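In what follows, a structure is listed as structure tokens, so that the remarks can point back to it.
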Amino acid sequence: MTATCISIVLLTVTATPNATPHALADSEAKPDPKSAQVTGRFVIPANDSPVAGMTLKVILFEYDPRLADVSANALDTVLVKEVKHTKGKATVVKFVVGKGKRIKDNRNYYLSVRGYVGDKYTYYGKPNQGGIGRVLTDGHPRKVEYTGKRQK
């Protein structure tokens, strides 16, 4: 009598929409050190009064810290239009600035984040990471969050 062994192997594959391949996830975790790209969030607190039709203006500035009395240069500007906030729930606006731009040696970088309704300056962004909003160099972040504060 001959014995027959049958093995059944079940393989479960789960597909996740918009899944990132492992190699891509690793490259995103370690961005190009010379890239000037900064990703961020601007958060209007839930208890702020409503606002509609606001344009969020995010500017990435570059400056030479070795030179006194020389103004910074705007390296990149991003506008996020038609921002709306209703009282009772925090509003989160995501942004990416500096995409395709490069960091230069001996330069520092910072962000300015402001909200406008028409020509009126209505909000400013206070960096949650502290300081004046420095990014990219000298250990400063590439991912940031700003809290929206009403301009008085």
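Ligands are numbered from 1 in the order shown, residues from 1 within each chain, and chains are lettered A, B, ... in the order they appear in the structure tokens.
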Close residues, Gly40 (chain A) itself excluded, 7 Å, only C-alpha atoms, min 5 positions apart in chain, as a list of chain:residue names: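 Once the nearby chain positions are removed, what remains is A:Lys94, A:Phe95, A:Val96, A:Lys143, A:Val144, A:Glu145.
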Prev. selection, N, CA and C atoms, output as a compact mmCIF listing (two decimals), in the first residue's frame:
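File produced: out-v6.txt:
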# COMPACT_ATOMS: atom_id res chain seq x y z
N LYS A 94 -3.19 71.30 4.86
CA LYS A 94 -1.88 70.71 4.57
C LYS A 94 -1.21 71.50 3.44
N PHE A 95 0.12 71.57 3.50
CA PHE A 95 0.86 72.27 2.44
C PHE A 95 2.22 71.61 2.21
N VAL A 96 2.74 71.84 1.00
CA VAL A 96 4.10 71.42 0.63
C VAL A 96 4.73 72.62 -0.04
N LYS A 143 9.25 68.48 8.45
CA LYS A 143 7.81 68.38 8.67
C LYS A 143 7.45 69.29 9.83
N VAL A 144 6.48 70.17 9.60
CA VAL A 144 6.17 71.19 10.59
C VAL A 144 4.66 71.30 10.80
N GLU A 145 4.31 71.91 11.92
CA GLU A 145 2.91 72.24 12.18
C GLU A 145 2.86 73.64 12.77
Filtered DSSP result for region 15-115 of chain A, state strand (DSSP E), as number ranges by chain: A: 38-44, 51-63, 73-85, 91-97, 108-115
Counting only C-alpha atoms, the option among A:Gly115, A:Arg102, A:Asp76, A:Lys126 closest to Lys34 (chain A): A:Arg102
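With distances restricted to only C-alpha atoms, A:Asn106 is the closest residue to Pro65 (chain A) from A:Asn106, A:Ser35, A:Thr137, A:Ser49.
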Counting only C-alpha atoms, the residue of A:Leu111, A:Gln37, A:Pro45, A:Gly118 that sits nearest Thr147 (chain A):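 Nearest candidate to Thr147 (chain A) out of A:Leu111, A:Gln37, A:Pro45, A:Gly118: A:Pro45.
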Selection: 10 Å around Gly148 (chain A), only C-alpha atoms, excl. self and same-chain fewer than 2 positions, as a PyMOL selection string: chain A and resi 41-45+48+91-92+113-115+122-127+145-146+150-151
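For the pair CA of Leu136 (chain A) and CA of Ala90 (chain A), the separation is 27.1 Å.
CA of Asn128 (chain A) lies 21.2 Å from CA of Met54 (chain A).
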Shortest interatomic distance to Lys87 (chain A) - which of A:Ser71, A:Ala52, A:Pro31, A:Asp64, counting only C-alpha atoms: A:Ala52
10 Å contact set for Glu82 (chain A), only C-alpha atoms, chain neighbours under 4 positions out, as a PyMOL selection string: chain A and resi 51-56+117
